[in-house]
>>> print(open('structure_11.csv').read())   # CSV, C-alpha atoms
chain,number,residue,atom,x,y,z
A,13,MET,CA,112.6,97.5,131.8
A,14,ASN,CA,115.7,96.1,130.1
A,15,LEU,CA,114.2,92.6,130.1
A,16,LEU,CA,111.0,93.9,128.6
A,17,LEU,CA,112.9,95.6,125.8
A,18,LYS,CA,114.8,92.4,125.1
A,19,LEU,CA,111.5,90.5,124.9
A,20,LEU,CA,109.9,93.0,122.6
A,21,PRO,CA,111.2,91.5,119.3
A,22,LEU,CA,110.1,88.1,120.4
A,23,ALA,CA,106.6,89.4,121.3
A,24,LEU,CA,106.4,91.1,117.9
A,25,PHE,CA,107.4,87.9,116.2
A,26,VAL,CA,104.8,85.9,118.1
A,27,ALA,CA,102.1,88.4,117.2
A,28,LEU,CA,103.0,88.4,113.5
A,29,ALA,CA,103.2,84.6,113.5
A,30,GLY,CA,99.8,84.5,115.2
A,31,PHE,CA,98.2,86.6,112.5
A,32,LEU,CA,99.8,84.6,109.7
A,33,ALA,CA,98.8,81.3,111.3
A,34,LYS,CA,95.2,82.5,111.6
A,35,GLY,CA,95.4,83.7,108.0
A,36,LEU,CA,96.2,80.2,106.9
A,37,THR,CA,93.0,78.8,108.3
A,38,LEU,CA,90.8,81.4,106.5
A,39,ASP,CA,89.2,80.8,103.2
A,40,PRO,CA,90.1,83.8,101.0
A,41,ALA,CA,87.1,83.1,98.9
A,42,GLU,CA,84.8,83.8,101.8
A,43,LEU,CA,84.5,87.6,102.1
A,44,PRO,CA,82.8,89.3,105.0
A,45,SER,CA,79.7,90.9,103.5
A,46,PRO,CA,79.5,94.7,104.1
A,47,LEU,CA,75.7,94.2,104.2
A,48,ILE,CA,75.7,92.4,107.6
A,49,ASP,CA,73.5,94.4,110.0
A,50,LYS,CA,72.6,96.9,107.2
A,51,PRO,CA,69.2,97.3,105.6
A,52,ALA,CA,68.7,94.6,102.9
A,53,PRO,CA,68.7,96.2,99.4
A,54,ALA,CA,65.1,96.5,98.3
A,55,PHE,CA,64.2,95.1,94.9
A,56,SER,CA,61.4,94.3,92.6
A,57,VAL,CA,61.9,91.6,90.1
A,58,ALA,CA,59.9,89.3,87.8
A,59,ARG,CA,58.8,85.9,89.2
A,60,LEU,CA,60.0,82.8,87.5
A,61,PRO,CA,57.0,80.7,86.6
A,62,ARG,CA,57.1,77.3,88.2
A,63,THR,CA,56.3,75.7,84.8
A,64,PRO,CA,56.5,77.1,81.3
A,65,GLU,CA,52.7,77.4,81.2
A,66,HIS,CA,52.3,79.5,84.4
A,67,SER,CA,53.5,82.9,83.4
A,68,GLY,CA,52.3,86.4,83.7
A,69,ALA,CA,52.3,86.6,87.5
A,70,GLN,CA,53.0,90.0,89.1
A,71,ASP,CA,56.5,91.1,89.9
A,72,PHE,CA,57.8,90.3,93.3
A,73,ASN,CA,58.7,93.2,95.6
A,74,SER,CA,60.9,92.6,98.6
A,75,ASN,CA,58.7,94.7,100.9
A,76,GLU,CA,56.1,91.9,100.7
A,77,LEU,CA,58.2,90.3,103.3
A,78,ALA,CA,58.6,93.3,105.6
A,79,GLY,CA,58.1,92.3,109.2
A,80,GLN,CA,59.1,88.7,108.7
A,81,VAL,CA,62.3,86.8,109.0
A,82,TRP,CA,63.1,85.4,105.6
A,83,VAL,CA,65.9,83.7,103.7
A,84,LEU,CA,67.2,84.6,100.3
A,85,ASN,CA,69.0,81.9,98.4
A,86,VAL,CA,70.9,82.8,95.2
A,87,TRP,CA,71.2,79.8,92.8
A,88,ALA,CA,71.4,78.8,89.2
A,89,SER,CA,71.0,75.6,87.2
A,90,TRP,CA,74.5,76.1,85.8
A,91,CYS,CA,75.9,76.1,89.3
A,92,GLY,CA,77.4,72.7,90.3
A,93,PRO,CA,77.5,73.3,94.1
A,94,CYS,CA,73.9,74.3,94.0
A,95,VAL,CA,73.0,70.6,93.3
A,96,GLN,CA,74.9,69.7,96.4
A,97,GLU,CA,73.2,72.3,98.5
A,98,HIS,CA,69.7,71.7,97.3
A,99,PRO,CA,68.6,68.8,99.6
A,100,TYR,CA,69.5,71.0,102.6
A,101,LEU,CA,67.3,73.8,101.3
A,102,VAL,CA,64.5,71.3,100.9
A,103,ARG,CA,65.1,70.2,104.5
A,104,LEU,CA,65.1,73.8,105.7
A,105,ALA,CA,61.7,74.4,104.0
A,106,GLN,CA,60.3,71.2,105.7
A,107,GLN,CA,61.7,72.0,109.2
A,108,ARG,CA,61.1,75.7,109.6
A,109,SER,CA,58.2,77.9,108.6
A,110,VAL,CA,60.2,80.7,107.0
A,111,PRO,CA,59.8,82.3,103.6
A,112,LEU,CA,62.5,80.9,101.4
A,113,VAL,CA,63.1,83.2,98.4
A,114,GLY,CA,65.0,81.5,95.5
A,115,LEU,CA,66.7,84.0,93.3
A,116,ASN,CA,67.5,82.3,90.0
A,117,TYR,CA,70.7,84.2,89.0
A,118,LYS,CA,71.8,84.7,85.4
A,119,ASP,CA,70.0,81.6,84.2
A,120,GLN,CA,67.6,80.5,81.5
A,121,PRO,CA,64.0,80.0,82.8
A,122,ALA,CA,63.6,76.6,81.0
A,123,ASP,CA,66.8,75.3,82.5
A,124,ALA,CA,65.8,76.5,85.9
A,125,GLN,CA,62.3,74.9,85.7
A,126,GLN,CA,63.8,71.5,84.6
A,127,TRP,CA,66.3,71.7,87.4
A,128,LEU,CA,63.7,72.3,90.0
A,129,ALA,CA,61.4,69.6,88.5
A,130,ARG,CA,64.2,67.1,88.9
A,131,LEU,CA,65.5,68.1,92.4
A,132,GLY,CA,62.4,69.5,94.1
A,133,ASP,CA,61.2,73.1,94.7
A,134,PRO,CA,61.5,74.3,98.2
A,135,PHE,CA,61.0,78.0,97.4
A,136,THR,CA,58.2,80.1,98.7
A,137,HIS,CA,59.0,82.7,96.0
A,138,LEU,CA,60.8,81.9,92.9
A,139,LEU,CA,62.4,84.9,91.2
A,140,ASP,CA,64.1,85.5,87.8
A,141,ASP,CA,67.2,87.6,88.0
A,142,ARG,CA,68.3,86.9,84.5
A,143,ARG,CA,70.6,89.8,84.1
A,144,GLY,CA,72.0,89.6,87.6
A,145,ASP,CA,70.9,93.1,88.7
A,146,VAL,CA,69.5,92.0,92.0
A,147,GLY,CA,72.6,89.9,92.6
A,148,LEU,CA,74.7,93.0,91.9
A,149,ASP,CA,72.9,95.0,94.6
A,150,TRP,CA,73.3,92.2,97.1
A,151,GLY,CA,77.0,91.9,96.4
A,152,VAL,CA,76.7,88.4,95.1
A,153,TYR,CA,80.1,87.2,93.7
A,154,GLY,CA,79.7,83.4,93.8
A,155,VAL,CA,76.7,81.2,93.6
A,156,PRO,CA,75.2,79.8,95.7
A,157,GLU,CA,74.9,82.4,98.4
A,158,THR,CA,72.3,82.4,101.2
A,159,PHE,CA,71.2,85.5,103.3
A,160,VAL,CA,69.1,85.6,106.4
A,161,ILE,CA,67.0,88.8,106.8
A,162,ASP,CA,65.4,89.8,110.1
A,163,HIS,CA,61.9,91.2,110.7
A,164,GLU,CA,63.3,94.8,110.6
A,165,GLY,CA,64.6,94.2,107.1
A,166,ARG,CA,68.3,93.9,108.0
A,167,VAL,CA,70.7,91.3,106.6
A,168,ARG,CA,71.8,89.4,109.6
A,169,TYR,CA,73.8,86.5,108.1
A,170,LYS,CA,75.4,85.5,104.9
A,171,HIS,CA,76.6,82.1,103.9
A,172,VAL,CA,78.8,81.9,100.8
A,173,GLY,CA,79.0,78.6,99.0
A,174,PRO,CA,76.8,75.5,99.3
A,175,VAL,CA,74.9,75.0,102.5
A,176,ASP,CA,75.8,71.7,104.0
A,177,GLU,CA,74.6,69.8,107.0
A,178,ALA,CA,76.8,71.7,109.4
A,179,ALA,CA,75.8,75.1,107.9
A,180,LEU,CA,72.1,74.2,108.1
A,181,LEU,CA,72.1,72.7,111.6
A,182,GLU,CA,74.7,75.0,113.3
A,183,LYS,CA,74.1,78.2,111.5
A,184,LEU,CA,71.0,78.7,109.4
A,185,ILE,CA,68.4,77.0,111.6
A,186,PRO,CA,69.7,78.5,115.0
A,187,ILE,CA,69.9,82.0,113.4
A,188,ILE,CA,66.4,81.7,112.0
A,189,ASP,CA,65.1,80.5,115.3
A,190,GLU,CA,66.8,83.3,117.2
A,191,LEU,CA,65.6,86.0,114.8
A,192,GLN,CA,62.1,84.7,114.9
A,193,ASN,CA,62.2,84.8,118.7
A,194,GLU,CA,63.5,88.4,118.4
A,195,ALA,CA,60.6,89.2,116.2
A,196,GLY,CA,58.3,87.8,118.9
B,10,MET,CA,89.1,87.9,111.7
B,11,ARG,CA,88.5,90.9,109.6
B,12,LEU,CA,91.8,92.4,110.8
B,13,THR,CA,93.6,89.2,109.7
B,14,LEU,CA,92.0,89.4,106.4
B,15,LEU,CA,93.1,93.0,106.0
B,16,LEU,CA,96.7,92.2,107.0
B,17,LEU,CA,96.7,89.4,104.4
B,18,ILE,CA,95.5,91.9,101.8
B,19,ALA,CA,98.4,94.1,102.7
B,20,LEU,CA,100.8,91.2,102.1
B,21,LEU,CA,99.0,90.4,98.8
B,22,PHE,CA,99.6,93.9,97.6
B,23,GLN,CA,103.3,93.4,97.7
B,24,THR,CA,103.1,90.3,95.5
B,25,VAL,CA,100.5,91.4,93.0
B,26,THR,CA,102.0,92.5,89.8
B,27,LEU,CA,99.6,94.4,87.7
B,28,VAL,CA,99.9,93.0,84.3
B,29,GLN,CA,99.7,95.8,81.9
B,30,SER,CA,97.8,93.7,79.4
B,31,ALA,CA,95.4,95.2,76.9
B,32,ASN,CA,91.9,95.2,78.2
B,33,SER,CA,90.8,91.6,78.0
B,34,ALA,CA,87.2,92.4,78.1
B,35,ASP,CA,85.4,91.1,75.1
B,36,GLU,CA,82.8,93.8,74.9
B,37,ILE,CA,83.5,96.8,72.7
B,38,VAL,CA,83.0,99.9,74.8
B,39,SER,CA,82.8,103.3,73.2
B,40,PHE,CA,82.8,106.6,74.8
B,41,ASP,CA,82.3,109.9,73.0
B,42,ASP,CA,84.3,111.7,75.6
B,43,PRO,CA,88.0,110.8,75.7
B,44,VAL,CA,88.2,111.8,79.3
B,45,GLN,CA,85.5,109.4,80.3
B,46,ARG,CA,87.2,106.7,78.2
B,47,GLU,CA,90.5,107.2,80.0
B,48,MET,CA,88.7,107.1,83.3
B,49,TYR,CA,86.9,103.9,82.4
B,50,TYR,CA,90.1,102.0,81.6
B,51,ALA,CA,92.0,103.5,84.6
B,52,LEU,CA,89.2,102.5,86.9
B,53,LEU,CA,89.0,98.9,85.7
B,54,LYS,CA,92.5,98.4,87.0
B,55,GLU,CA,91.6,99.8,90.4
B,56,TYR,CA,89.0,97.2,91.2
B,57,ARG,CA,89.4,93.5,92.1
B,58,CYS,CA,87.3,90.9,90.4
B,59,LEU,CA,85.8,89.1,93.4
B,60,LYS,CA,85.4,85.8,91.5
B,61,CYS,CA,89.1,85.5,90.6
B,62,GLN,CA,90.6,87.5,93.2
B,63,ASN,CA,94.0,88.3,91.8
B,64,GLN,CA,92.7,89.7,88.6
B,65,ASN,CA,91.4,93.2,88.2
B,66,LEU,CA,88.1,94.0,86.4
B,67,SER,CA,90.0,94.7,83.2
B,68,ASP,CA,91.8,91.3,83.2
B,69,SER,CA,88.9,89.1,84.3
B,70,ASN,CA,86.7,87.1,82.0
B,71,ALA,CA,84.3,86.1,84.9
B,72,SER,CA,80.8,87.1,84.2
B,73,LEU,CA,80.6,89.1,87.4
B,74,ALA,CA,83.5,91.2,86.1
B,75,GLY,CA,81.5,91.8,82.9
B,76,ASP,CA,78.5,92.9,84.9
B,77,LEU,CA,80.7,95.3,87.0
B,78,ARG,CA,82.3,96.7,83.9
B,79,ARG,CA,78.9,97.4,82.5
B,80,GLU,CA,77.8,99.0,85.7
B,81,ILE,CA,81.0,101.2,85.9
B,82,ARG,CA,80.5,102.3,82.3
B,83,ASP,CA,76.9,103.2,82.9
B,84,GLN,CA,77.9,105.2,86.0
B,85,ILE,CA,80.7,107.0,84.2
B,86,LEU,CA,78.2,107.9,81.4
B,87,ALA,CA,75.8,109.2,84.0
B,88,GLY,CA,78.6,111.6,85.1
B,89,LYS,CA,79.6,109.8,88.4
B,90,ASN,CA,83.1,110.4,89.7
B,91,GLN,CA,85.5,107.9,91.1
B,92,THR,CA,84.4,108.5,94.7
B,93,ASP,CA,80.8,107.6,93.8
B,94,ILE,CA,81.9,104.4,92.0
B,95,ASP,CA,84.2,103.5,94.9
B,96,ASP,CA,81.3,103.9,97.3
B,97,TYR,CA,79.0,101.9,95.1
B,98,LEU,CA,81.3,99.0,95.0
B,99,VAL,CA,82.4,99.1,98.6
B,100,ALA,CA,78.8,99.2,99.8
B,101,ARG,CA,78.3,95.9,98.0
B,102,TYR,CA,81.6,94.0,98.2
B,103,GLY,CA,83.5,95.7,101.0
B,104,GLU,CA,86.9,97.4,101.0
B,105,PHE,CA,88.4,94.3,99.5
B,106,VAL,CA,87.2,95.3,96.1
B,107,LEU,CA,89.6,98.2,96.0
B,108,TYR,CA,93.2,97.4,95.2
B,109,ARG,CA,94.1,100.6,97.1
B,110,PRO,CA,91.8,100.5,100.2
B,111,ARG,CA,90.8,103.9,101.5
B,112,PHE,CA,92.1,105.2,104.8
B,113,GLY,CA,89.8,105.0,107.8
B,114,GLY,CA,88.1,102.6,110.2
B,115,LYS,CA,89.2,99.1,109.6
B,116,THR,CA,91.8,99.9,107.0
B,117,ALA,CA,93.7,102.4,109.3
B,118,VAL,CA,95.8,99.5,110.6
B,119,LEU,CA,96.7,98.6,107.0
B,120,TRP,CA,98.0,102.0,106.3
B,121,ILE,CA,99.6,102.8,109.7
B,122,ALA,CA,101.2,99.5,110.6
B,123,PRO,CA,104.1,99.7,108.1
B,124,PHE,CA,105.1,103.2,109.2
B,125,ALA,CA,104.7,102.3,112.9
B,126,LEU,CA,106.9,99.3,112.4
B,127,LEU,CA,109.5,101.5,110.6
B,128,VAL,CA,109.5,104.0,113.4
B,129,LEU,CA,109.8,101.2,115.9
B,130,ALA,CA,112.7,99.6,114.0
B,131,LEU,CA,114.5,102.9,113.7
B,132,GLY,CA,114.1,103.5,117.4
B,133,ALA,CA,115.5,100.1,118.2
B,134,MET,CA,118.4,100.8,115.9
B,135,VAL,CA,119.2,104.2,117.5
B,136,MET,CA,119.1,102.6,120.9
B,137,ILE,CA,121.4,99.8,120.0
B,138,ILE,CA,123.9,102.1,118.4
B,139,ARG,CA,123.9,104.4,121.4
B,140,ARG,CA,124.4,101.5,123.8
B,141,HIS,CA,127.5,100.4,121.8
B,142,ARG,CA,129.0,103.9,121.9
B,143,ARG,CA,128.5,104.6,125.6
B,144,PRO,CA,131.2,102.2,127.0
B,145,GLN,CA,133.9,104.0,124.9
B,146,SER,CA,133.1,107.5,126.1
B,147,ASP,CA,132.9,106.2,129.6
B,148,ASP,CA,136.4,104.8,129.4
B,149,THR,CA,138.0,108.0,128.2
B,150,PRO,CA,137.6,110.8,130.8
B,151,GLY,CA,137.0,114.2,129.3
B,152,GLY,CA,140.5,115.6,129.8
B,153,GLU,CA,142.4,112.9,128.1
B,154,PRO,CA,141.8,113.6,124.4
B,155,VAL,CA,143.0,117.2,124.9
B,156,ALA,CA,146.1,116.0,126.7
B,157,ALA,CA,146.8,113.6,123.9
B,158,VAL,CA,146.5,116.3,121.4
B,159,GLN,CA,148.8,118.5,123.4
B,160,HIS,CA,151.3,115.7,123.6
B,161,ILE,CA,151.3,115.3,119.8
B,162,ASP,CA,151.7,119.0,119.3
B,163,GLU,CA,154.7,119.0,121.6
B,164,ARG,CA,156.4,116.2,119.7
B,165,LEU,CA,155.6,117.9,116.3
B,166,GLU,CA,157.2,121.1,117.6
B,167,LYS,CA,160.2,119.1,118.7
B,168,ALA,CA,160.5,117.4,115.3
B,169,ARG,CA,160.3,120.7,113.5
B,170,ARG,CA,163.1,122.2,115.7
B,171,LEU,CA,165.3,119.2,115.0
B,172,LEU,CA,164.7,119.6,111.2
B,173,LYS,CA,165.7,123.2,111.3
B,174,ASP,CA,168.8,122.4,113.1
>>> encode(input="structure_11.csv", output="structure tokens")
Amino acid sequence: MNLLLKLLPLALFVALAGFLAKGLTLDPAELPSPLIDKPAPAFSVARLPRTPEHSGAQDFNSNELAGQVWVLNVWASWCGPCVQEHPYLVRLAQQRSVPLVGLNYKDQPADAQQWLARLGDPFTHLLDDRRGDVGLDWGVYGVPETFVIDHEGRVRYKHVGPVDEAALLEKLIPIIDELQNEAG
Amino acid sequence: MRLTLLLLIALLFQTVTLVQSANSADEIVSFDDPVQREMYYALLKEYRCLKCQNQNLSDSNASLAGDLRREIRDQILAGKNQTDIDDYLVARYGEFVLYRPRFGGKTAVLWIAPFALLVLALGAMVMIIRRHRRPQSDDTPGGEPVAAVQHIDERLEKARRLLKD
């Protein structure tokens, strides 16, 4: 009893030090999304024409993808890390059959079209969120951000910042495979 | 991991000094109703800009902060109250967006821990003080102080008598 009491301050100190040490390894810019495991915000938004000539397509509605596992990538031509991430999105589109929705966030269509012409266009659906309204509903606070949505329309994973090799191979692809298995 | 984050936020609170700068937002916002106007400027100081995390929405020039200011203004004009706007932001960005997180669920630890630690520390202090006192009272058996007082009284009486004489 007495020994336990004497060790209590030490135990408290170790616990506090443990929390602080863990805190040092966390990236404060990476916030847990409150959307995880919640229904994905539904939206309807204009498509971004692939080239300046192709315009006038119907708006995209997120329930077009109901029943499927899909990926939402929020990007912009003004976003530096998006250039870095882009080859991995191209690889994802090649390696997995999954709708990849590219939400062009607060961008100019002409800039976005040129950017894609230069770096390749892996997107199944290309959307124009010029005012950032869809981004606001999805809690986007930094571009690029990538979400994985399951066949029941729930957000299951969010990656903040550029997708790199590790994120693609260890997170995105395994999660997509798992969710597609779940969907059967 | 979330717990750690919340604890870190708690530490952050103690270091954040809210700069009472004039609203750095570029846009000119007009409200017909002075109450709504007051509410708008007060609320901007309650929410964190998620792009530049130690600035509130009123300080920040990030474009996300601009969008959120616009959204908050629209909601105030639509007659929403602070709870509605809190809910709106928390649903999208999590409790982290509030500089003063609400009580409940994951944030309970944040609110309770300081008081729990205070109680614990006071308890420890009381115990230590008691332990220091006990040996003294053990050394002096109950009768002795009374005897000592009587002894002094006797001597005082003697002294008085001597003075009279």
>>> atom_distance(input="structure_11.csv", atom1="atom CA of Arg168 of chain A", atom2="atom CA of Ala52 of chain A")
9.0 Å
>>> closest_residue(input="structure_11.csv", among="A:Tyr117, A:Trp90, A:Trp82, A:Trp127", to="Leu184 of chain A", atoms="only C-alpha atoms")
A:Trp82
>>> residues_around(input="structure_11.csv", residues="Leu104 of chain A", least_positions_apart="3", cutoff="9 Å", atoms="only C-alpha atoms", output="list of chain:residue names")
A:Pro99, A:Tyr100, A:Leu101, A:Gln107, A:Arg108, A:Ser109, A:Val110, A:Leu112, A:Pro134, A:Leu180, A:Leu184, A:Ile185
>>> closest_residue(input="structure_11.csv", among="A:Gly35, A:Pro61, A:Pro93, A:Pro156", to="chain B", atoms="all atoms listed in the file")
A:Gly35
>>> closest_residue(input="structure_11.csv", among="A:Lys170, A:Lys18, A:Lys34, A:His163", to="chain B", atoms="only C-alpha atoms")
A:Lys34
>>> interface_residues(input="structure_11.csv", of="chain B", to="chain A", cutoff="7 Å", atoms="only C-alpha atoms", output="number ranges by chain")
B: 13-14, 17, 59-60, 73, 100-103
>>> atom_distance(input="structure_11.csv", atom1="atom CA of Asp133 of chain A", atom2="atom CA of Arg62 of chain A")
8.8 Å
>>> atom_distance(input="structure_11.csv", atom1="atom CA of Ala105 of chain A", atom2="atom CA of Val167 of chain A")
19.3 Å
